[in-house]
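J.: Supplied in structure tokens, the structure appears directly below.
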Amino acid sequence: MRNQFAKTLIELGNDKKLVVLIGDISHFLLRDFQNLYPDRFYNLGIAEQSMMSLASGLAIHEFYPVIHSIAPFIIERAFEQIKDDICYQGLGVNIVSVGSAFDYASLGCTHHCYDDIAILRTLPNMQIIYPAAPHEFDILFRQTYNNKYPTYFRLPQKNHNLKTIPKFGEAELLLEGGDITVIAVGPQIQNAYDAALELSSKGVHCDIFYVSTIKPILKESREMIRKSILKTGKLLTIEEHSIRGGIGDEISLLCGNIRFFHKRLGINDKFLVNYGSYDEHCLENKLTKDGIIASIYEIL
Amino acid sequence: MNKKDLKNIRVSILEMVRKANEGHIPSAFSVVELLYVIYSKMEKNDSFFLSKGHASAALYAVLAHFNYLDKKYLETFCQYDSKLGGHPHRNPPHIMNSSGSLGHGFPMACGYALGKKILKESGRVFCLIGDGESNEGTIWETALYVKHLELNNLVCIVDNNNSQGRAVISDNLKGKFSSFGWEVYEIDGHNISEIEKTLFIDHSLKKPLCVVANTKKGKGIKIMEEDYFTWHHKSPSDEEFNLFLKELS
């Protein structure tokens, strides 16, 4: 994902309005952009709040800033700047994070961030994009970086290997079943897809939706999801994020006037105080193929 | 410069706050001369960012004075559907940024100045911050940035009105900005010719310029100058309003 980020930026580098600001990460990765466009690349060190406001100043001057750092620092720490300086002023700043959820598993809770989607969802004007394969970042970034809306790109460490066809604001129906509606975001779509294939051989058929734009979900996709939930009456949402405020809440907001049973698979109301690896945290939080299958059987 | 202009601007501020029963008179009065000089001397490619947004009434009154804003809008200050809120909301070209939460406008101005530098545009970016606002860490992060980015097109004016005298004092601002690599002057922020000279004549344009303008909260109204904590966010009664008008005259 990070490599694609660097590649896409280079390919768009001729756009003289594109300015890249980094919070002292990915300098090696982005060195080619820096060498090609030194007057539009700035490493602004460890001062995320001011970097965010500075990006808004560039956007006032009609640039398309791309600001890149680690999720807890660029989102949680700079939240007020995102609210006041970017969203309230209606400016098109692009925020690209790495290290969301528990991607930096072994570094502990200060380096985890599983509330970024929740807090950004509350901000008017904010677009939230969660690509989980390199081609998705490339397509969705090109579709949005210059649309003058604040946009958050959450880049996970792990990719899925599915052939998705992302389009801004649209959900994709990857498998059609009819017994239960399953909606996954991020790399967990791989586990959801694999779980659905396995269940299919046992006679359980899932509607599998993949959502790469969390906000906004456009009308046609909303209708498609609503129809599925109306049909199945059962919804499982899956996310590497707190179950408070993530995709589960976004979907229940969209479908609030339908009666359905909803199970949310994600991070419960707790700090993930263990260290170890990404996979160990997935296992502990049932964010695995087997965890998803067990969750589906719970509500069938 | 006409002394009557400054009086009229202060009267406008008083009228706005009295009608709205809302606003920060002492913080607005301390920056009247600074804003007056900036707006009378600014050139075509210059821009102004107000970082201490609670001085909004002064900004609106000065904009109206120079006919950048229709005077009729001043009467709507802080009303439900007004364009002129208690803190300004971005409305370019004359209101460049939204403000209110302190420590935001200065880094925004820094970003705008960086944009001008990237485009090799002429003109300077003026930004007015407060000494109380200088408690915020982002002021000092930005002071670092401006030097690091060599933004000699940015001018920071500190309205040094001792607003944090009861809390954490931002003392020796001249020394602090100097140590961050800025060219710094300390002036009387109510002295028109000193402001003009420092902002528009006496600068090398080699380094970012910081002007520490020593001012008085509530300048021009004795009771406010003496008891600015009480008056920080207070509207005058009819009786007080009439007394203040007389005093300004």
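Simple scheme: letters A, B, ... for chains in structure tokens order, numbers from 1 for residues in each chain, numbers from 1 for ligands in the order shown.
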Using 9 Å as the limit and counting only C-alpha atoms, can you tabulate each residue of chain A that touches chain B, with its shortest atom-to-atom distance in Å and the two atoms involved, as a tab-separated table?
T.:
```
residue	atom	partner	partner_atom	distance
A:Asp39	CA	B:Ile118	CA	6.2
A:Arg40	CA	B:Ile118	CA	7.2
A:Tyr42	CA	B:Leu149	CA	8.8
A:Leu44	CA	B:Tyr145	CA	7.4
A:Ala47	CA	B:Glu141	CA	6.4
A:Gln49	CA	B:Thr138	CA	6.8
A:Ser50	CA	B:Thr138	CA	5.6
A:Met51	CA	B:Pro107	CA	7.5
A:Met52	CA	B:Pro107	CA	8.4
A:Ser53	CA	B:Met108	CA	5.0
A:Leu54	CA	B:Gly111	CA	4.1
A:Ala55	CA	B:Gly111	CA	6.0
A:Ser56	CA	B:Met108	CA	6.0
A:Gly57	CA	B:Gly111	CA	4.1
A:Leu58	CA	B:Gly111	CA	4.8
A:Ala59	CA	B:Tyr112	CA	7.9
A:Ile60	CA	B:Tyr112	CA	6.8
A:His61	CA	B:Tyr112	CA	5.9
A:Glu62	CA	B:Gly115	CA	8.6
A:Phe63	CA	B:Gly115	CA	7.5
A:Glu80	CA	B:Ser101	CA	8.8
A:Gln81	CA	B:His104	CA	7.2
A:Asp84	CA	B:Ser98	CA	7.6
A:Asp85	CA	B:Ser98	CA	7.2
A:Tyr88	CA	B:Ser98	CA	8.0
A:Gln89	CA	B:Arg90	CA	6.5
```
J.: Name the residues of stretch 107-248 of chain B that fall into strand (DSSP E or B) according to DSSP on the backbone, using the chain letters and numbers of this document, as a list in words.
T.: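 Strand (DSSP E or B) members of stretch 107-248 of chain B, listed: Val125, Phe126, Cys127, Leu128, Ile129, Gly130, Leu154, Val155, Cys156, Ile157, Val158, Asp159, Asn160, Glu183, Val184, Tyr185, Glu186, Ile187, Asp188, Leu209, Cys210, Val211, Val212, Ala213 and Asn214 of chain B.
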J.: State, in Å with one decimal place, the distance from atom CA of A:Tyr114 to atom CA of A:Lys83.
T.: 18.4 Å
J.: Need to verify the contact set: B:Ser82, 8 Å, only C-alpha atoms, exclusion of same-chain residues closer than 5 positions in sequence. Can you return it as a list in words?
T.: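 Returned residues: Tyr73, Thr76 and Phe77 of chain B.
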J.: Can those selected residues be exported to a file as a compact mmCIF listing (two decimals), in the first residue's frame so that it contains C-alpha atoms?
T.:
```txt
# COMPACT_ATOMS: atom_id res chain seq x y z
CA TYR B 73 -23.61 44.26 8.35
CA THR B 76 -26.05 42.12 12.54
CA PHE B 77 -23.00 41.17 14.66
```
J.: Go through A:Ile225, A:Cys206, A:Met1, A:Leu91 one by one, measure the shortest atom-to-atom distance of each to A:His160 using only C-alpha atoms, and give the residue with the smallest value.
T.: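 Smallest separation from A:His160 among the options: A:Met1.
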J.: Excluding A:Asn285 and residues on its chain fewer than 6 positions from it, collect all residues at most 10 Å away from it, counting only C-alpha atoms, and give them as a PDB file with N, CA and C atoms, in the first residue's frame.
T.:
```
ATOM      1  N   GLU A 240     -11.639  -3.635  11.462  1.00  0.00           N
ATOM      2  CA  GLU A 240     -10.499  -3.497  12.378  1.00  0.00           C
ATOM      3  C   GLU A 240     -10.596  -2.089  12.964  1.00  0.00           C
ATOM      4  N   LEU A 265     -18.637  -7.172  14.550  1.00  0.00           N
ATOM      5  CA  LEU A 265     -17.353  -7.806  14.848  1.00  0.00           C
ATOM      6  C   LEU A 265     -16.267  -6.736  14.675  1.00  0.00           C
ATOM      7  N   GLY A 266     -15.577  -6.467  15.771  1.00  0.00           N
ATOM      8  CA  GLY A 266     -14.544  -5.438  15.718  1.00  0.00           C
ATOM      9  C   GLY A 266     -13.879  -5.388  17.080  1.00  0.00           C
ATOM     10  N   ILE A 267     -13.464  -4.222  17.484  1.00  0.00           N
ATOM     11  CA  ILE A 267     -12.797  -4.102  18.779  1.00  0.00           C
ATOM     12  C   ILE A 267     -13.814  -3.594  19.788  1.00  0.00           C
ATOM     13  N   ASN A 268     -13.981  -4.359  20.854  1.00  0.00           N
ATOM     14  CA  ASN A 268     -14.951  -3.967  21.876  1.00  0.00           C
ATOM     15  C   ASN A 268     -14.421  -2.791  22.686  1.00  0.00           C
ATOM     16  N   LEU A 272      -6.369  -2.436  23.662  1.00  0.00           N
ATOM     17  CA  LEU A 272      -5.672  -3.684  23.331  1.00  0.00           C
ATOM     18  C   LEU A 272      -4.283  -3.616  23.973  1.00  0.00           C
ATOM     19  N   ASP A 279      -1.437 -10.412  13.577  1.00  0.00           N
ATOM     20  CA  ASP A 279      -2.241 -11.640  13.507  1.00  0.00           C
ATOM     21  C   ASP A 279      -2.736 -12.072  14.887  1.00  0.00           C
ATOM     22  N   GLY A 291     -13.353 -16.867  13.057  1.00  0.00           N
ATOM     23  CA  GLY A 291     -14.118 -15.952  13.920  1.00  0.00           C
ATOM     24  C   GLY A 291     -15.361 -15.453  13.199  1.00  0.00           C
TER      25      GLY A 291
END
```
J.: Neighbours of B:Pro208 within 9 Å (only C-alpha atoms; same-chain residues fewer than 5 positions away dropped), as a VMD selection string?
T.: chain B and resid 146 to 147 150 to 156 181 to 184
J.: So that each row is one residue of stretch 132-168 of chain A with an atom at most 12 Å from stretch 180-190 of chain A, can you give its shortest atom pair and the distance in Å to one decimal, using only C-alpha atoms, rows by chain and rising number, as JSON lines?
T.:
```
{"residue": "A:Ala132", "atom": "CA", "partner": "A:Gly186", "partner_atom": "CA", "distance": 5.0}
{"residue": "A:Ala133", "atom": "CA", "partner": "A:Pro187", "partner_atom": "CA", "distance": 8.0}
{"residue": "A:Pro134", "atom": "CA", "partner": "A:Pro187", "partner_atom": "CA", "distance": 11.5}
{"residue": "A:Glu136", "atom": "CA", "partner": "A:Gly186", "partner_atom": "CA", "distance": 10.7}
{"residue": "A:Phe137", "atom": "CA", "partner": "A:Gly186", "partner_atom": "CA", "distance": 11.6}
{"residue": "A:Phe153", "atom": "CA", "partner": "A:Gly186", "partner_atom": "CA", "distance": 11.3}
{"residue": "A:Arg154", "atom": "CA", "partner": "A:Gly186", "partner_atom": "CA", "distance": 8.8}
{"residue": "A:Leu155", "atom": "CA", "partner": "A:Gly186", "partner_atom": "CA", "distance": 8.7}
{"residue": "A:Pro156", "atom": "CA", "partner": "A:Gly186", "partner_atom": "CA", "distance": 7.1}
{"residue": "A:Gln157", "atom": "CA", "partner": "A:Pro187", "partner_atom": "CA", "distance": 8.6}
{"residue": "A:Lys158", "atom": "CA", "partner": "A:Pro187", "partner_atom": "CA", "distance": 6.1}
{"residue": "A:Asn159", "atom": "CA", "partner": "A:Pro187", "partner_atom": "CA", "distance": 5.5}
{"residue": "A:His160", "atom": "CA", "partner": "A:Pro187", "partner_atom": "CA", "distance": 5.1}
{"residue": "A:Asn161", "atom": "CA", "partner": "A:Gln190", "partner_atom": "CA", "distance": 7.0}
{"residue": "A:Leu162", "atom": "CA", "partner": "A:Gln190", "partner_atom": "CA", "distance": 7.1}
{"residue": "A:Lys163", "atom": "CA", "partner": "A:Gln190", "partner_atom": "CA", "distance": 10.7}
{"residue": "A:Thr164", "atom": "CA", "partner": "A:Ile189", "partner_atom": "CA", "distance": 10.5}
```
J.: For C-alpha atoms, I'd like the residues from the last selection saved as a short mmCIF file (atom, residue, chain, number, x, y, z; two decimals), in the first residue's frame.
T.:
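As written to disk, again24.cif reads:
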```cif
data_model
loop_
_atom_site.label_atom_id
_atom_site.label_comp_id
_atom_site.auth_asym_id
_atom_site.auth_seq_id
_atom_site.Cartn_x
_atom_site.Cartn_y
_atom_site.Cartn_z
CA ALA A 132 -7.16 -2.33 1.29
CA ALA A 133 -5.33 -3.19 -1.91
CA PRO A 134 -2.87 -1.06 -3.91
CA GLU A 136 -7.90 0.61 -4.69
CA PHE A 137 -5.75 3.39 -3.32
CA PHE A 153 -7.33 7.68 3.42
CA ARG A 154 -6.75 4.92 5.97
CA LEU A 155 -3.96 2.72 4.58
CA PRO A 156 -3.78 -0.67 6.30
CA GLN A 157 -0.60 -2.69 6.53
CA LYS A 158 -2.24 -5.82 5.16
CA ASN A 159 -3.80 -6.16 1.71
CA HIS A 160 -6.59 -8.38 0.50
CA ASN A 161 -6.09 -10.32 -2.75
CA LEU A 162 -9.53 -9.89 -4.28
CA LYS A 163 -10.25 -8.37 -7.66
CA THR A 164 -12.32 -5.43 -6.58
#
```
J.: Check the smallest atom-to-atom distance from each of B:Lys72, B:Ile38, B:Asn172, B:Gly23 to B:His87 using only C-alpha atoms, then report the winner.
T.: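 Of B:Lys72, B:Ile38, B:Asn172, B:Gly23, the one nearest B:His87, counting only C-alpha atoms, is B:Gly23.
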J.: List the neighbours of B:Tyr185 out to 8 Å using only C-alpha atoms; skip same-chain residues closer than 2 positions along the sequence, and give me the result as a PDB file with N, CA and C atoms, in the first residue's frame.
T.:
```
ATOM      1  N   LYS B 174       9.942  38.947  22.778  1.00  0.00           N
ATOM      2  CA  LYS B 174      10.982  39.386  21.841  1.00  0.00           C
ATOM      3  C   LYS B 174      12.152  38.390  21.858  1.00  0.00           C
ATOM      4  N   GLU B 183      13.458  38.005  12.958  1.00  0.00           N
ATOM      5  CA  GLU B 183      13.833  39.403  13.174  1.00  0.00           C
ATOM      6  C   GLU B 183      12.708  40.028  14.006  1.00  0.00           C
ATOM      7  N   ILE B 187       7.399  47.275  19.970  1.00  0.00           N
ATOM      8  CA  ILE B 187       6.907  48.647  19.762  1.00  0.00           C
ATOM      9  C   ILE B 187       5.710  48.947  20.649  1.00  0.00           C
ATOM     10  N   THR B 198       7.586  50.072  11.563  1.00  0.00           N
ATOM     11  CA  THR B 198       8.092  48.715  11.799  1.00  0.00           C
ATOM     12  C   THR B 198       7.548  47.720  10.773  1.00  0.00           C
ATOM     13  N   CYS B 210       8.817  39.489  13.207  1.00  0.00           N
ATOM     14  CA  CYS B 210       7.867  39.457  14.327  1.00  0.00           C
ATOM     15  C   CYS B 210       7.844  40.828  14.987  1.00  0.00           C
ATOM     16  N   VAL B 211       6.663  41.355  15.184  1.00  0.00           N
ATOM     17  CA  VAL B 211       6.534  42.646  15.860  1.00  0.00           C
ATOM     18  C   VAL B 211       5.752  42.426  17.149  1.00  0.00           C
ATOM     19  N   VAL B 212       6.429  42.587  18.260  1.00  0.00           N
ATOM     20  CA  VAL B 212       5.753  42.483  19.561  1.00  0.00           C
ATOM     21  C   VAL B 212       5.188  43.864  19.865  1.00  0.00           C
TER      22      VAL B 212
END
```
J.: May I have the residues within 8 Å of stretch 224-241 of chain B as a list in words, using only C-alpha atoms and disregarding those fewer than 2 positions away in the same chain?
T.: Leu14, Val17, Arg18, Asn21, Glu22, Gly23, His24, Ile25, Pro26, Ser27, Lys216, Lys217, Gly218, Lys219, Gly220, Ile221, Lys222, Leu243, Phe244 and Leu245 of chain B
J.: Among chain B, which ones does DSSP place in helix (DSSP H, G or I), written as number ranges by chain?
T.: B: 3-20, 25-29, 32-41, 53-65, 71-76, 105-118, 133-135, 137-148, 173-179, 192-200, 222-226, 228-231, 238-248
J.: For A:Asp138, which residue out of A:Glu11, A:Asp179, A:Glu48, A:Asp103 is the nearest one, using only C-alpha atoms?
T.: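 With only C-alpha atoms as the atom set, the closest residue is A:Glu11.
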J.: Between B:Ala20, B:Leu35, B:Val125, B:Ile192, which is the closest to B:Phe48 once you count only C-alpha atoms?
T.: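 Answer, going by the shortest atom-to-atom distance: B:Val125.
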J.: Between atom CA of A:Cys282 and atom CA of A:Gly203, what is the distance, to one decimal in Å?
T.: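 Going from atom CA of A:Cys282 over to atom CA of A:Gly203, I get 26.5 Å.
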J.: Any idea what the distance is between atom CA of B:Asp46 and atom CA of A:Phe41?
T.: 24.4 Å
